[in-house]
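Here's the structure we're looking at; comments come further down.
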Amino acid sequence: PHTFDMSSHHHHHGEDSHAPRVPDKNGRIMIATQKEMEDNKVPLSFRDYCAHLLIPLNKCRVDNYFLPYKCEHERHTYEGCLYGEYVSRMKSRIAEEDAKKKQQH
């Protein structure tokens, strides 16, 4: 199975200035680089914190002729990431709404 190699992406000078590996306000770090997403033709709307999991999933799908019972591990991993992102966004939104309510009182 295809594994996502993280080792070679950290030490080139300014090569990855698009995606500095600094956590966002929720502590998430973008793992896939802009170049990796471009090279793997990840659509813009999918270039999120789960894109590094979508790349091997799409490769697996192509390698297995899109057979639905293949790539289940990759699909579950990617969907789990998407769900985590959804929960994180909801928690952030609720926290922001709570902060606004406190300011109004």
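Identifiers in the structure tokens: chain A, B, ... in order shown; residue index from 1 per chain; ligand index from 1 in order shown.
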- Task: For range 66-78 of chain A, work out the shell of residues within 9 Å, counting only C-alpha atoms and skipping chain neighbours fewer than 3 positions away, then give it as a list in words.
- Result: Cys50, Ala51, His52, Leu53, Leu54, Pro56, Leu57, Asn58, Cys60, Arg61, Val62, Asp63, Cys81, Leu82 and Tyr83 of chain A
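Every protein, DNA or RNA residue with an atom at most 9 Å from range 39-41 of chain A, where only C-alpha atoms count and chain neighbours fewer than 5 positions away do not, is listed here: Gln34, Ile55, Asn58 and Lys59 of chain A.
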Next, dump the selected residues to file, keeping only all heavy atoms, as a compact mmCIF listing (two decimals), in the first residue's frame.
# COMPACT_ATOMS: atom_id res chain seq x y z
N GLN A 34 1.42 22.76 -0.92
CA GLN A 34 0.76 23.24 -2.14
C GLN A 34 1.24 22.44 -3.35
O GLN A 34 0.45 22.04 -4.20
CB GLN A 34 1.08 24.73 -2.36
CG GLN A 34 0.36 25.67 -1.44
CD GLN A 34 -1.14 25.58 -1.58
OE1 GLN A 34 -1.83 25.30 -0.62
NE2 GLN A 34 -1.67 25.82 -2.75
N ILE A 55 -4.89 12.27 -1.01
CA ILE A 55 -3.93 11.92 -2.07
C ILE A 55 -3.74 10.40 -2.17
O ILE A 55 -3.93 9.82 -3.24
CB ILE A 55 -2.60 12.69 -1.88
CG1 ILE A 55 -2.85 14.19 -2.12
CG2 ILE A 55 -1.53 12.16 -2.82
CD1 ILE A 55 -1.70 15.09 -1.67
N ASN A 58 -7.05 8.71 -3.40
CA ASN A 58 -7.29 8.83 -4.85
C ASN A 58 -6.34 7.94 -5.64
O ASN A 58 -6.74 7.33 -6.63
CB ASN A 58 -7.17 10.28 -5.30
CG ASN A 58 -8.41 11.08 -4.93
OD1 ASN A 58 -9.46 10.51 -4.63
ND2 ASN A 58 -8.30 12.38 -4.95
N LYS A 59 -5.09 7.84 -5.20
CA LYS A 59 -4.13 6.97 -5.88
C LYS A 59 -4.60 5.52 -5.78
O LYS A 59 -4.58 4.78 -6.77
CB LYS A 59 -2.74 7.13 -5.28
CG LYS A 59 -1.70 6.30 -6.00
CD LYS A 59 -0.32 6.46 -5.39
CE LYS A 59 0.76 5.70 -6.12
NZ LYS A 59 0.40 4.45 -6.75
- Task: Mind listing the helix (DSSP H, G or I) residues of chain A, per DSSP on the backbone, as a count of residues only?
- Result: 58
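The spacing separating CA of Ile94 in chain A from CA of Arg28 in chain A amounts to 17.9 Å.
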